[in-house]
file coords-v5.cif (mmCIF, C-alpha atoms)
data_structure
#
loop_
_atom_site.group_PDB
_atom_site.id
_atom_site.type_symbol
_atom_site.label_atom_id
_atom_site.label_comp_id
_atom_site.auth_asym_id
_atom_site.auth_seq_id
_atom_site.Cartn_x
_atom_site.Cartn_y
_atom_site.Cartn_z
ATOM 1 C CA MET A 204 15.139 -9.054 -6.326
ATOM 2 C CA ILE A 205 17.680 -7.044 -8.249
ATOM 3 C CA LYS A 206 19.220 -3.851 -6.982
ATOM 4 C CA LEU A 207 18.314 -0.757 -8.995
ATOM 5 C CA ASP A 208 20.296 2.437 -9.225
ATOM 6 C CA ASP A 209 19.225 5.928 -10.286
ATOM 7 C CA ARG A 210 19.772 5.182 -13.991
ATOM 8 C CA ASP A 211 17.588 2.069 -13.837
ATOM 9 C CA ILE A 212 14.847 4.119 -12.177
ATOM 10 C CA LYS A 213 15.181 6.820 -14.824
ATOM 11 C CA ILE A 214 14.934 4.184 -17.579
ATOM 12 C CA LEU A 215 11.749 2.801 -16.005
ATOM 13 C CA SER A 216 10.248 6.271 -15.564
ATOM 14 C CA ILE A 217 10.898 7.203 -19.180
ATOM 15 C CA LEU A 218 9.638 3.908 -20.613
ATOM 16 C CA GLN A 219 6.360 4.154 -18.709
ATOM 17 C CA LEU A 220 5.555 7.393 -20.503
ATOM 18 C CA GLU A 221 7.414 6.831 -23.781
ATOM 19 C CA GLY A 222 7.424 3.110 -24.481
ATOM 20 C CA ARG A 223 8.376 3.610 -28.139
ATOM 21 C CA ILE A 224 11.381 5.811 -27.463
ATOM 22 C CA ALA A 225 14.364 4.893 -29.637
ATOM 23 C CA LYS A 226 17.107 3.063 -27.781
ATOM 24 C CA THR A 227 19.642 5.737 -28.682
ATOM 25 C CA ALA A 228 17.347 8.489 -27.406
ATOM 26 C CA LEU A 229 16.766 6.555 -24.182
ATOM 27 C CA ALA A 230 20.516 6.123 -23.738
ATOM 28 C CA GLU A 231 21.059 9.870 -24.212
ATOM 29 C CA ARG A 232 18.320 10.741 -21.707
ATOM 30 C CA VAL A 233 19.903 8.559 -19.005
ATOM 31 C CA ASN A 234 23.426 9.625 -19.900
ATOM 32 C CA LEU A 235 24.683 6.221 -21.085
ATOM 33 C CA SER A 236 26.017 4.898 -24.352
ATOM 34 C CA PRO A 237 23.551 2.676 -26.249
ATOM 35 C CA THR A 238 25.118 -0.714 -25.419
ATOM 36 C CA PRO A 239 25.152 -0.339 -21.600
ATOM 37 C CA CYS A 240 21.651 1.149 -21.744
ATOM 38 C CA TRP A 241 20.450 -1.835 -23.805
ATOM 39 C CA GLU A 242 22.066 -4.244 -21.324
ATOM 40 C CA ARG A 243 20.270 -2.541 -18.423
ATOM 41 C CA LEU A 244 16.992 -2.707 -20.305
ATOM 42 C CA LYS A 245 17.424 -6.441 -20.944
ATOM 43 C CA ARG A 246 18.320 -7.005 -17.270
ATOM 44 C CA LEU A 247 15.126 -5.186 -16.184
ATOM 45 C CA GLU A 248 13.073 -7.297 -18.584
ATOM 46 C CA LYS A 249 14.714 -10.552 -17.494
ATOM 47 C CA ALA A 250 14.125 -9.698 -13.822
ATOM 48 C CA GLY A 251 10.421 -9.235 -14.565
ATOM 49 C CA ILE A 252 10.404 -5.569 -13.587
ATOM 50 C CA ILE A 253 9.403 -4.644 -17.139
ATOM 51 C CA GLU A 254 6.447 -6.887 -17.925
ATOM 52 C CA GLY A 255 5.797 -5.638 -21.448
ATOM 53 C CA TYR A 256 5.213 -2.673 -23.712
ATOM 54 C CA GLY A 257 1.884 -1.307 -24.872
ATOM 55 C CA ALA A 258 0.065 1.622 -26.361
ATOM 56 C CA SER A 259 -1.925 4.118 -24.344
ATOM 57 C CA ILE A 260 -5.179 4.575 -26.249
ATOM 58 C CA SER A 261 -7.163 7.795 -26.057
ATOM 59 C CA TRP A 262 -10.561 7.319 -24.450
ATOM 60 C CA SER A 263 -11.995 10.203 -26.459
ATOM 61 C CA ALA A 264 -10.863 8.573 -29.720
ATOM 62 C CA ILE A 265 -12.943 5.434 -29.159
ATOM 63 C CA GLY A 266 -16.186 7.363 -28.846
ATOM 64 C CA ALA A 267 -18.867 7.093 -26.214
ATOM 65 C CA GLN A 268 -18.056 5.054 -23.149
ATOM 66 C CA THR A 269 -19.068 4.858 -19.537
ATOM 67 C CA ILE A 270 -16.673 4.039 -16.730
ATOM 68 C CA VAL A 271 -18.217 2.506 -13.647
ATOM 69 C CA PHE A 272 -16.696 1.626 -10.307
ATOM 70 C CA MET A 273 -18.459 -1.201 -8.523
ATOM 71 C CA GLU A 274 -18.074 -2.209 -4.908
ATOM 72 C CA ALA A 275 -18.768 -5.933 -4.672
ATOM 73 C CA GLU A 276 -19.479 -8.123 -1.690
ATOM 74 C CA ILE A 277 -19.573 -11.902 -1.945
ATOM 75 C CA ASP A 278 -21.841 -14.300 -0.049
ATOM 76 C CA SER A 279 -19.251 -16.347 1.761
ATOM 77 C CA HIS A 280 -15.688 -15.690 2.786
ATOM 78 C CA GLN A 281 -14.139 -19.106 2.369
ATOM 79 C CA THR A 282 -10.948 -19.473 0.336
ATOM 80 C CA ASN A 283 -12.746 -21.274 -2.492
ATOM 81 C CA ASP A 284 -15.398 -18.546 -2.678
ATOM 82 C CA PHE A 285 -12.766 -15.834 -3.163
ATOM 83 C CA LYS A 286 -10.998 -18.005 -5.746
ATOM 84 C CA ARG A 287 -14.241 -18.661 -7.671
ATOM 85 C CA PHE A 288 -15.093 -14.946 -7.798
ATOM 86 C CA GLU A 289 -11.565 -13.921 -8.805
ATOM 87 C CA GLU A 290 -11.378 -16.531 -11.560
ATOM 88 C CA ALA A 291 -14.747 -15.359 -12.890
ATOM 89 C CA MET A 292 -13.504 -11.764 -13.113
ATOM 90 C CA GLN A 293 -10.955 -12.878 -15.708
ATOM 91 C CA GLN A 294 -13.788 -13.881 -18.068
ATOM 92 C CA TYR A 295 -15.358 -10.439 -18.511
ATOM 93 C CA ASP A 296 -13.602 -8.047 -20.900
ATOM 94 C CA GLU A 297 -15.590 -5.113 -19.557
ATOM 95 C CA ILE A 298 -13.981 -5.536 -16.134
ATOM 96 C CA MET A 299 -10.727 -3.649 -16.557
ATOM 97 C CA GLU A 300 -9.509 -3.932 -12.975
ATOM 98 C CA CYS A 301 -10.560 -5.940 -9.940
ATOM 99 C CA TRP A 302 -9.000 -5.301 -6.557
ATOM 100 C CA ALA A 303 -9.526 -7.322 -3.373
ATOM 101 C CA VAL A 304 -9.854 -4.780 -0.561
ATOM 102 C CA GLY A 305 -10.275 -4.736 3.193
ATOM 103 C CA GLY A 306 -12.927 -2.821 5.068
ATOM 104 C CA GLY A 307 -16.709 -3.075 4.558
ATOM 105 C CA LEU A 308 -16.584 -4.701 1.131
ATOM 106 C CA ASP A 309 -14.653 -7.423 -0.664
ATOM 107 C CA TYR A 310 -13.750 -6.097 -4.125
ATOM 108 C CA LEU A 311 -13.536 -2.880 -6.084
ATOM 109 C CA LEU A 312 -14.018 -3.190 -9.844
ATOM 110 C CA LYS A 313 -13.332 -0.720 -12.646
ATOM 111 C CA ILE A 314 -15.642 -1.410 -15.563
ATOM 112 C CA ALA A 315 -15.747 0.113 -19.059
ATOM 113 C CA VAL A 316 -18.922 -0.145 -21.120
ATOM 114 C CA ARG A 317 -20.600 1.866 -23.861
ATOM 115 C CA ASN A 318 -23.516 2.974 -21.704
ATOM 116 C CA VAL A 319 -25.538 2.285 -18.560
ATOM 117 C CA ASP A 320 -27.688 -0.309 -20.352
ATOM 118 C CA ASP A 321 -24.564 -2.330 -21.190
ATOM 119 C CA TYR A 322 -23.480 -2.030 -17.567
ATOM 120 C CA GLN A 323 -26.836 -3.363 -16.365
ATOM 121 C CA ARG A 324 -26.588 -6.307 -18.769
ATOM 122 C CA LEU A 325 -23.135 -7.073 -17.340
ATOM 123 C CA VAL A 326 -24.515 -6.917 -13.780
ATOM 124 C CA ASP A 327 -27.325 -9.288 -14.755
ATOM 125 C CA ARG A 328 -24.755 -11.738 -16.166
ATOM 126 C CA LEU A 329 -22.677 -11.480 -12.984
ATOM 127 C CA LEU A 330 -25.696 -12.081 -10.765
ATOM 128 C CA ASN A 331 -26.757 -15.104 -12.826
ATOM 129 C CA ALA A 332 -23.235 -16.556 -13.042
ATOM 130 C CA ASP A 333 -23.243 -18.262 -9.633
ATOM 131 C CA ILE A 334 -19.986 -16.598 -8.586
ATOM 132 C CA GLY A 335 -21.188 -15.601 -5.125
ATOM 133 C CA LEU A 336 -21.955 -11.930 -5.787
ATOM 134 C CA LYS A 337 -24.170 -10.973 -2.868
ATOM 135 C CA ARG A 338 -24.400 -7.200 -3.069
ATOM 136 C CA TYR A 339 -22.949 -4.438 -5.195
ATOM 137 C CA PHE A 340 -22.846 -0.660 -5.271
ATOM 138 C CA THR A 341 -22.468 1.328 -8.470
ATOM 139 C CA TYR A 342 -20.590 4.576 -9.022
ATOM 140 C CA ILE A 343 -20.821 6.103 -12.502
ATOM 141 C CA VAL A 344 -17.821 8.239 -13.450
ATOM 142 C CA THR A 345 -18.982 11.706 -14.483
ATOM 143 C CA LYS A 346 -15.575 13.194 -15.264
ATOM 144 C CA ARG A 347 -12.036 11.894 -15.563
ATOM 145 C CA VAL A 348 -9.936 14.128 -13.312
ATOM 146 C CA LYS A 349 -6.690 12.156 -13.277
ATOM 147 C CA ASP A 350 -5.908 8.856 -14.913
ATOM 148 C CA ARG A 351 -2.325 7.808 -14.301
ATOM 149 C CA HIS A 352 -1.101 4.503 -15.690
ATOM 150 C CA SER A 353 2.485 4.731 -14.559
ATOM 151 C CA ILE A 354 4.095 3.991 -11.215
ATOM 152 C CA PRO A 355 5.346 7.189 -9.541
ATOM 153 C CA GLU A 356 9.128 7.567 -9.585
ATOM 154 C CA SER A 357 9.072 7.894 -5.788
ATOM 155 C CA LEU A 358 7.782 4.297 -5.552
ATOM 156 C CA LEU A 359 10.295 3.055 -8.112
ATOM 157 C CA LYS A 360 13.012 4.381 -5.834
ATOM 158 C CA ASN A 361 11.778 1.942 -3.154
ATOM 159 C CA ILE A 362 13.116 -0.871 -5.337
ATOM 160 C CA ALA A 363 16.573 0.704 -5.157
ATOM 161 C CA ASP A 364 16.536 0.915 -1.356
#
call {"tool": "encode", "arguments": {"input": "coords-v5.cif", "output": "structure tokens"}}
result
Amino acid sequence: MIKLDDRDIKILSILQLEGRIAKTALAERVNLSPTPCWERLKRLEKAGIIEGYGASISWSAIGAQTIVFMEAEIDSHQTNDFKRFEEAMQQYDEIMECWAVGGGLDYLLKIAVRNVDDYQRLVDRLLNADIGLKRYFTYIVTKRVKDRHSIPESLLKNIAD
């Protein structure tokens, strides 16, 4: 684990929101000359703190879509059963996120499909896939209130501590 200072945290905060920012502009924003800023950036990449760069695509630009959250419970709670389910989740493009959680269920999934019919077809495939899905609960998103893709700066500061 590398030690981060305030400038490293600022670099990370800026890059999360502006991944295509010019290196010189980034250096100016963190009050460094370009070469030391570039060296910090490379150090953050090498340490695995920066995993990659990508585009944030507008949901409204891609047309109609339905976001669904699914609570999933599996039949058995043996190590191999969790592994089988988790490996299967990697095979479905519609499943954007899958989180193992504690409390009355096993997993929480975020799913993106064109419509409810496509969601039901996905559920049918999951139920027929022999991955141990025992029970599920469906929550259709009716309105996007907040959709943050970046890590809050307050959590980034935990790395520095």
call {"tool": "residues_around", "arguments": {"input": "coords-v5.cif", "residues": "Ala275 of chain A", "least_positions_apart": "3", "cutoff": "10 Å", "atoms": "only C-alpha atoms", "output": "PyMOL selection string"}}
result
chain A and resi 272+301-304+307-312+335-341
call {"tool": "closest_residue", "arguments": {"input": "coords-v5.cif", "among": "A:Lys360, A:Lys313, A:Lys206, A:Arg287", "to": "Ile334 of chain A", "atoms": "only C-alpha atoms"}}
result
A:Arg287
call {"tool": "closest_residue", "arguments": {"input": "coords-v5.cif", "among": "A:Trp241, A:Tyr295, A:Tyr256, A:Tyr322", "to": "Leu218 of chain A", "atoms": "only C-alpha atoms"}}
result
A:Tyr256
call {"tool": "closest_residue", "arguments": {"input": "coords-v5.cif", "among": "A:Ile265, A:Gln293, A:Met204, A:Lys213", "to": "Ala250 of chain A", "atoms": "all atoms listed in the file"}}
result
A:Met204
call {"tool": "residues_around", "arguments": {"input": "coords-v5.cif", "residues": "Lys226 of chain A", "least_positions_apart": "4", "cutoff": "10 Å", "atoms": "only C-alpha atoms", "output": "PyMOL selection string"}}
result
chain A and resi 230-232+236-238+240-241+244
call {"tool": "residues_near_point", "arguments": {"input": "coords-v5.cif", "point": "(9.5, 2.9, -8.5)", "cutoff": "12 Å", "atoms": "only C-alpha atoms", "output": "list in words"}}
result
Lys206, Leu207, Asp208, Asp209, Arg210, Asp211, Ile212, Lys213, Ile214, Leu215, Ser216, Ile217, Gln219, Ile252, Ile253, Ser353, Ile354, Pro355, Glu356, Ser357, Leu358, Leu359, Lys360, Asn361, Ile362, Ala363 and Asp364 of chain A
call {"tool": "closest_residue", "arguments": {"input": "coords-v5.cif", "among": "A:Thr269, A:Gln281, A:Met299, A:Glu290", "to": "Gln323 of chain A", "atoms": "all atoms listed in the file"}}
result
A:Thr269
call {"tool": "closest_residue", "arguments": {"input": "coords-v5.cif", "among": "A:Ile260, A:Ile205, A:Met273, A:Asn318", "to": "Ile298 of chain A", "atoms": "all atoms listed in the file"}}
result
A:Met273
call {"tool": "atom_distance", "arguments": {"input": "coords-v5.cif", "atom1": "atom CA of Val233 of chain A", "atom2": "atom CA of Glu221 of chain A"}}
result
13.5 Å
call {"tool": "closest_residue", "arguments": {"input": "coords-v5.cif", "among": "A:Met292, A:Val271, A:Leu220, A:Ala225", "to": "Ala258 of chain A", "atoms": "only C-alpha atoms"}}
result
A:Leu220
call {"tool": "resolve_selection", "arguments": {"input": "coords-v5.cif", "expression": "the PyMOL selection byres ((chain A and resi 345) around 10)", "output": "list in words"}}
result
Thr269, Ile270, Val271, Tyr342, Ile343, Val344, Lys346, Arg347 and Val348 of chain A
call {"tool": "atom_distance", "arguments": {"input": "coords-v5.cif", "atom1": "atom CA of Gly305 of chain A", "atom2": "atom CA of Asp327 of chain A"}}
result
25.2 Å
call {"tool": "axis_aligned_box", "arguments": {"input": "coords-v5.cif", "around": "segment 311-326 of chain A", "padding_each_side": "6 Å", "output": "JSON"}}
result
{"center_x": -20.5, "center_y": -2.0, "center_z": -15.0, "size_x": 26.4, "size_y": 22.0, "size_z": 29.8}
call {"tool": "atom_distance", "arguments": {"input": "coords-v5.cif", "atom1": "atom CA of Asp333 of chain A", "atom2": "atom CA of Asp278 of chain A"}}
result
10.5 Å
call {"tool": "build_atoms", "arguments": {"input": "coords-v5.cif", "residues": "segment 277-297 of chain A", "atoms": "N, CA and C atoms", "output": "mmCIF file, keeping the file's coordinate frame"}}
result
data_model
loop_
_atom_site.group_PDB
_atom_site.id
_atom_site.type_symbol
_atom_site.label_atom_id
_atom_site.label_comp_id
_atom_site.auth_asym_id
_atom_site.auth_seq_id
_atom_site.Cartn_x
_atom_site.Cartn_y
_atom_site.Cartn_z
ATOM 1 N N ILE A 277 -19.187 -10.533 -1.625
ATOM 2 C CA ILE A 277 -19.573 -11.902 -1.945
ATOM 3 C C ILE A 277 -20.261 -12.554 -0.754
ATOM 4 N N ASP A 278 -21.022 -13.617 -1.056
ATOM 5 C CA ASP A 278 -21.841 -14.300 -0.049
ATOM 6 C C ASP A 278 -21.040 -14.869 1.102
ATOM 7 N N SER A 279 -20.002 -15.600 0.765
ATOM 8 C CA SER A 279 -19.251 -16.347 1.761
ATOM 9 C C SER A 279 -17.778 -15.972 1.659
ATOM 10 N N HIS A 280 -17.090 -16.099 2.757
ATOM 11 C CA HIS A 280 -15.688 -15.690 2.786
ATOM 12 C C HIS A 280 -14.742 -16.864 3.022
ATOM 13 N N GLN A 281 -15.031 -17.955 2.347
ATOM 14 C CA GLN A 281 -14.139 -19.106 2.369
ATOM 15 C C GLN A 281 -13.145 -18.961 1.216
ATOM 16 N N THR A 282 -11.999 -19.580 1.346
ATOM 17 C CA THR A 282 -10.948 -19.473 0.336
ATOM 18 C C THR A 282 -11.466 -19.809 -1.057
ATOM 19 N N ASN A 283 -12.231 -20.872 -1.178
ATOM 20 C CA ASN A 283 -12.746 -21.274 -2.492
ATOM 21 C C ASN A 283 -13.721 -20.256 -3.066
ATOM 22 N N ASP A 284 -14.459 -19.561 -2.196
ATOM 23 C CA ASP A 284 -15.398 -18.546 -2.678
ATOM 24 C C ASP A 284 -14.653 -17.357 -3.272
ATOM 25 N N PHE A 285 -13.585 -16.919 -2.609
ATOM 26 C CA PHE A 285 -12.766 -15.834 -3.163
ATOM 27 C C PHE A 285 -12.156 -16.276 -4.496
ATOM 28 N N LYS A 286 -11.635 -17.487 -4.531
ATOM 29 C CA LYS A 286 -10.998 -18.005 -5.746
ATOM 30 C C LYS A 286 -12.003 -18.061 -6.901
ATOM 31 N N ARG A 287 -13.210 -18.561 -6.636
ATOM 32 C CA ARG A 287 -14.241 -18.661 -7.671
ATOM 33 C C ARG A 287 -14.589 -17.290 -8.228
ATOM 34 N N PHE A 288 -14.765 -16.305 -7.354
ATOM 35 C CA PHE A 288 -15.093 -14.946 -7.798
ATOM 36 C C PHE A 288 -13.943 -14.364 -8.624
ATOM 37 N N GLU A 289 -12.727 -14.492 -8.124
ATOM 38 C CA GLU A 289 -11.565 -13.921 -8.805
ATOM 39 C C GLU A 289 -11.321 -14.569 -10.166
ATOM 40 N N GLU A 290 -11.518 -15.860 -10.265
ATOM 41 C CA GLU A 290 -11.378 -16.531 -11.560
ATOM 42 C C GLU A 290 -12.453 -16.055 -12.532
ATOM 43 N N ALA A 291 -13.658 -15.837 -12.026
ATOM 44 C CA ALA A 291 -14.747 -15.359 -12.890
ATOM 45 C C ALA A 291 -14.457 -13.970 -13.438
ATOM 46 N N MET A 292 -13.797 -13.129 -12.658
ATOM 47 C CA MET A 292 -13.504 -11.764 -13.113
ATOM 48 C C MET A 292 -12.642 -11.758 -14.375
ATOM 49 N N GLN A 293 -11.827 -12.796 -14.542
ATOM 50 C CA GLN A 293 -10.955 -12.878 -15.708
ATOM 51 C C GLN A 293 -11.745 -13.088 -16.999
ATOM 52 N N GLN A 294 -12.990 -13.515 -16.893
ATOM 53 C CA GLN A 294 -13.788 -13.881 -18.068
ATOM 54 C C GLN A 294 -14.555 -12.715 -18.689
ATOM 55 N N TYR A 295 -14.554 -11.566 -18.045
ATOM 56 C CA TYR A 295 -15.358 -10.439 -18.511
ATOM 57 C C TYR A 295 -14.452 -9.323 -19.007
ATOM 58 N N ASP A 296 -14.458 -9.088 -20.313
ATOM 59 C CA ASP A 296 -13.602 -8.047 -20.900
ATOM 60 C C ASP A 296 -13.928 -6.662 -20.373
ATOM 61 N N GLU A 297 -15.185 -6.431 -20.035
ATOM 62 C CA GLU A 297 -15.590 -5.113 -19.557
ATOM 63 C C GLU A 297 -14.948 -4.757 -18.219
#
